[in-house]
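These notes are about the structure you will find just below.
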Amino acid sequence: MGETADQIFVILQRWLVSHAPASLRFPLSALLSVVVILGAFALLFAITTVLERKGLGRIQNRYGPNRVGPFGFLQPIADGIKSLTKEDIVPQAADKAVHFLAPVVLVLAAFSLYAVLPIGRNMVLVNLDAGVLFFFAVSSVMELTIFMAGWSSQNKYSLLGAMRAIAQMISYEVPLILASVTVIMAAGSLSTVAIVEKQAGYTGILPHWFVFTPWGFAGFILFMIAATAESNRSPFDLPEGESEIIAGYYIEYSGFKFALFFLGEYLGMFAISGLGITLFLGGWAAPLSFLTWVPSYLWFFAKLLAMIVVFIWIRGTLPRLRMDQLMNFAWKFMLPMALINLVAAGVWRFLPQGVLRWVVCSLLVIIPYVLLGRGLMQGWKLEKRVYQFAE
Amino acid sequence: MLFTIFAILTVVGAVAAMSLRNLVHSVLALTLAFAGLAVVYLQLGAQFIGFAQILVYVGAVAILIVFAILLTREAAATPRSILVGSWKGSGVVVLAVFGILAWAIHHSAAYRKAMPPQPEATMQQIGNALMLRFALPLEIVGLLLTAALIGAVTIALQDKQETR
């Protein structure tokens, strides 16, 4: 029973495909998977927009959307209809072709990221040998589309936003990839499916996820910080900075093109969270050994939703960084930590199992963390801030 | 069939990169050529080099060029076309060189040799080769790049303190 529930989509797909003529089977099965992925993640996007607005509302002591449908949960439909009926304005000075292409390519690239994410057991669109490499290659295309959007609008704010976005994404891509390299070293493969399989199994009731090792934990934190920056979310939302450059690179987009940017951004966030889950949190595996009867895809989406909640929580909590703080943090803290973490992962691999390697690797991560933190904090004067009118 | 499409795409991108007036358009066309080349690699079964091509050329080189353009000069269109003056003459030269080379290759001994079986280059094999047989060169390159990275950060670190 549990097995059937786990594989229900795979069985359903095989059954549907088996009715088609032999020559059409491969395209049909690919088409089915693609349609399901598009549908599932577009739906998740709709749910997340409501969750985010309601969550942020709660954090900021207000209600959030509560008018459309029960508890405001039909808000995305209203938003979608609104953006479809709005006028699509293209600035006269804009570079028409590039201006049109940018959101389209962005969403295309964002969706193709899901091709290598294992959503459940036997549920991956293509099991590429170079899966992780594919992911990073495609996400680098997204940077270029952001530049296309910012440049083609011929607006100084959008150009500023695009330049900020590119500088930020290049800087944080380095620690992002270096943090992932530790997992690739440990798993010995670039295939996302193989990485998930490497984390299978339980000691007692606890799983063998990479996040439960010293280097894996440090790597996961680094990965998530870099992922927040890569997906341009608060506190790294300088490229959009509403209070400084209005909306950054998509300032000149309206109607459904704006919605496409919104979609692309969220899809990028889901995808990179999905990669984080795959690399560090055991992919679709259950977190405790007695919970394996729950279907694998449910675990994947549960973990994804948990990550999204953390993203929303951080967005509601932290203020935006300044540009120099952003760059300093990437190059002076994240990069050295990622390099040291790489060494820790190597040491972990070659020390015999036992308490010793836990102690050595933990020290290898903690000591540089403390020293780097102290070093960078030198010359800072941290004192209680006094607000003139708020007290 | 697919090869023809992507070959045409690559060539069109490359030609556009040379001939378009607007610098940024040229960069985007160049990106198209890079991406087309990556697809050709993928079709040949070279997954690693195909994705590395996208990651390095589209993700890094194109962005670097874009950055250089934005930081150094106004990215406005140049007033005159780049294909000017003696382009007919140079076209004839290009065609002649291409013709001679094609003729020479077609009549050479290497062309008539039987094609060797297509070598399989899976990720596993590339990894093994890099980690076992070519471990030392890989280590040296890695060390060099890491040193360059740390050096760049160190220079930036000192600059900041001086201006403070």
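Each chain in the structure tokens gets a letter, A, B and so on, in the order shown; residues start at 1 in every chain, and ligands are counted from 1 in the order they appear.
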> If we count only C-alpha atoms, what is near Leu30 (chain B) at a cut-off of 6 Å, once residues fewer than 3 positions away on the same chain are taken out, given as a PyMOL selection string?
Replying inline: chain B and resi 13-14+17+27+33
Writing out the chosen residues with C-alpha atoms as a PDB file, in the first residue's frame:
ATOM      1  CA  GLY B  13      25.050  34.365 -33.630  1.00  0.00           C
ATOM      2  CA  ALA B  14      28.733  34.641 -34.436  1.00  0.00           C
ATOM      3  CA  ALA B  17      28.223  39.425 -32.936  1.00  0.00           C
ATOM      4  CA  VAL B  27      27.416  40.485 -26.668  1.00  0.00           C
ATOM      5  CA  ALA B  33      26.805  31.496 -30.429  1.00  0.00           C
TER       6      ALA B  33
END
Which residues of chain A come within 8 Å of chain B, and for each one, what is the closest pair of atoms and their distance in Å to one decimal, counting only C-alpha atoms, sorted by chain and residue number, as a tab-separated table?
residue	atom	partner	partner_atom	distance
A:Asp129	CA	B:Met123	CA	6.1
A:Ala130	CA	B:Phe48	CA	6.4
A:Leu133	CA	B:Phe51	CA	6.4
A:Phe134	CA	B:Phe51	CA	5.8
A:Phe136	CA	B:Leu55	CA	6.8
A:Ala137	CA	B:Leu55	CA	4.2
A:Val138	CA	B:Leu55	CA	7.5
A:Ser140	CA	B:Gly59	CA	4.6
A:Val141	CA	B:Gly59	CA	6.0
A:Glu143	CA	B:Gly59	CA	7.4
A:Leu144	CA	B:Ile63	CA	6.8
A:Met163	CA	B:Phe67	CA	7.8
A:Ile166	CA	B:Ile63	CA	7.8
A:Ser189	CA	B:Gln124	CA	7.9
A:Trp331	CA	B:Val153	CA	6.5
A:Lys332	CA	B:Val153	CA	7.0
Selected residues, C-alpha atoms, written as an mmCIF file, in the first residue's frame, please.
data_model
loop_
_atom_site.group_PDB
_atom_site.id
_atom_site.type_symbol
_atom_site.label_atom_id
_atom_site.label_comp_id
_atom_site.auth_asym_id
_atom_site.auth_seq_id
_atom_site.Cartn_x
_atom_site.Cartn_y
_atom_site.Cartn_z
ATOM 1 C CA ASP A 129 25.450 12.465 -14.951
ATOM 2 C CA ALA A 130 26.290 16.155 -14.668
ATOM 3 C CA LEU A 133 26.640 21.212 -13.217
ATOM 4 C CA PHE A 134 23.535 21.563 -15.384
ATOM 5 C CA PHE A 136 24.516 25.908 -12.096
ATOM 6 C CA ALA A 137 24.926 26.367 -15.852
ATOM 7 C CA VAL A 138 21.242 27.165 -16.309
ATOM 8 C CA SER A 140 23.972 31.427 -14.751
ATOM 9 C CA VAL A 141 21.753 32.084 -17.777
ATOM 10 C CA GLU A 143 21.863 36.331 -14.495
ATOM 11 C CA LEU A 144 22.167 37.304 -18.125
ATOM 12 C CA MET A 163 24.380 46.063 -12.298
ATOM 13 C CA ILE A 166 24.951 40.954 -11.578
ATOM 14 C CA SER A 189 29.008 12.152 -8.150
ATOM 15 C CA TRP A 331 34.351 37.966 -0.348
ATOM 16 C CA LYS A 332 35.789 38.311 3.142
#
>> What's the separation between CA of Met337 (chain A) and CA of Val365 (chain A), in Å to one decimal place?
In response: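 Between CA of Met337 (chain A) and CA of Val365 (chain A) the gap is 7.8 Å.
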> Quick one: residues within 7 Å of region 245-260 of chain A, only C-alpha atoms counted, chain neighbours fewer than 6 positions away excluded, as a ChimeraX atom specification?
Replying inline: /A:83-84,86-89,103,107,146,149-150,153,157-162,239
Using the selection just defined, write its residues with N, CA and C atoms as an mmCIF file, in the first residue's frame.
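Printed below is part_20.cif as written:
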data_model
loop_
_atom_site.group_PDB
_atom_site.id
_atom_site.type_symbol
_atom_site.label_atom_id
_atom_site.label_comp_id
_atom_site.auth_asym_id
_atom_site.auth_seq_id
_atom_site.Cartn_x
_atom_site.Cartn_y
_atom_site.Cartn_z
ATOM 1 N N SER A 83 -3.157 40.998 -13.680
ATOM 2 C CA SER A 83 -1.955 41.247 -14.488
ATOM 3 C C SER A 83 -2.206 40.911 -15.954
ATOM 4 N N LEU A 84 -3.157 39.995 -16.221
ATOM 5 C CA LEU A 84 -3.469 39.687 -17.625
ATOM 6 C C LEU A 84 -4.219 40.834 -18.296
ATOM 7 N N LYS A 86 -4.067 44.029 -17.477
ATOM 8 C CA LYS A 86 -3.373 45.314 -17.461
ATOM 9 C C LYS A 86 -2.705 45.600 -18.803
ATOM 10 N N GLU A 87 -2.520 46.887 -19.082
ATOM 11 C CA GLU A 87 -1.859 47.246 -20.325
ATOM 12 C C GLU A 87 -0.385 46.882 -20.252
ATOM 13 N N ASP A 88 0.123 46.355 -21.361
ATOM 14 C CA ASP A 88 1.547 46.019 -21.411
ATOM 15 C C ASP A 88 2.286 47.214 -21.999
ATOM 16 N N ILE A 89 2.955 47.969 -21.142
ATOM 17 C CA ILE A 89 3.609 49.193 -21.587
ATOM 18 C C ILE A 89 5.082 48.909 -21.871
ATOM 19 N N PRO A 103 12.019 38.513 -19.946
ATOM 20 C CA PRO A 103 11.187 37.708 -19.042
ATOM 21 C C PRO A 103 10.939 36.308 -19.566
ATOM 22 N N VAL A 107 11.927 32.871 -17.410
ATOM 23 C CA VAL A 107 11.005 31.824 -16.962
ATOM 24 C C VAL A 107 11.394 30.476 -17.563
ATOM 25 N N ILE A 146 18.611 38.940 -16.410
ATOM 26 C CA ILE A 146 18.395 40.104 -15.549
ATOM 27 C C ILE A 146 19.119 41.311 -16.124
ATOM 28 N N ALA A 149 17.065 42.546 -19.069
ATOM 29 C CA ALA A 149 15.902 43.328 -18.640
ATOM 30 C C ALA A 149 16.321 44.725 -18.221
ATOM 31 N N GLY A 150 17.363 44.812 -17.402
ATOM 32 C CA GLY A 150 17.769 46.109 -16.883
ATOM 33 C C GLY A 150 18.313 47.014 -17.955
ATOM 34 N N SER A 153 15.598 48.320 -20.820
ATOM 35 C CA SER A 153 14.556 49.272 -20.441
ATOM 36 C C SER A 153 14.995 50.711 -20.646
ATOM 37 N N TYR A 157 17.433 53.669 -13.355
ATOM 38 C CA TYR A 157 17.204 52.844 -12.164
ATOM 39 C C TYR A 157 17.295 51.360 -12.490
ATOM 40 N N SER A 158 16.723 51.008 -13.644
ATOM 41 C CA SER A 158 16.763 49.584 -13.985
ATOM 42 C C SER A 158 18.185 49.158 -14.304
ATOM 43 N N LEU A 159 18.963 50.067 -14.914
ATOM 44 C CA LEU A 159 20.355 49.723 -15.209
ATOM 45 C C LEU A 159 21.140 49.557 -13.918
ATOM 46 N N LEU A 160 20.896 50.451 -12.962
ATOM 47 C CA LEU A 160 21.538 50.324 -11.653
ATOM 48 C C LEU A 160 21.173 49.003 -10.997
ATOM 49 N N GLY A 161 19.868 48.689 -11.064
ATOM 50 C CA GLY A 161 19.402 47.439 -10.469
ATOM 51 C C GLY A 161 20.071 46.249 -11.114
ATOM 52 N N ALA A 162 20.186 46.289 -12.453
ATOM 53 C CA ALA A 162 20.793 45.161 -13.155
ATOM 54 C C ALA A 162 22.254 45.013 -12.761
ATOM 55 N N PRO A 239 19.120 44.576 -5.599
ATOM 56 C CA PRO A 239 18.771 44.817 -6.993
ATOM 57 C C PRO A 239 17.365 45.371 -7.159
#
> Got a sec: who's within 12 Å of Ala218 (chain A), counting only C-alpha atoms, leaving out chain neighbours fewer than 4 positions off, as a PyMOL selection string?
Replying inline: chain A and resi 175-176+178-180+182-183+210-214+222-225+280+334+337-342+344-345+361-366+368-369
> Excluding same-chain residues fewer than 3 positions from Met169 (chain A), what lies within 9 Å of it counting only C-alpha atoms, as a PyMOL selection string?
Replying inline: chain A and resi 140+143+164-166+172-174+226+229-232
> Out of B:Leu130, B:Ala104, B:Ile65, B:Ala7, which residue has the shortest atom-to-atom distance to Gly142 (chain B) when counting only C-alpha atoms?
Replying inline: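 Closest to Gly142 (chain B), using only C-alpha atoms: B:Leu130.
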> Mind pulling up the distance from CA of Ala97 (chain A) to CA of Val15 (chain B)?
Replying inline: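 So the answer is 18.2 Å.
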> In Å, with one decimal, what is the gap from CA of Gly276 (chain A) to CA of Arg53 (chain A)?
Replying inline: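 Distance between the two atoms: 23.9 Å.
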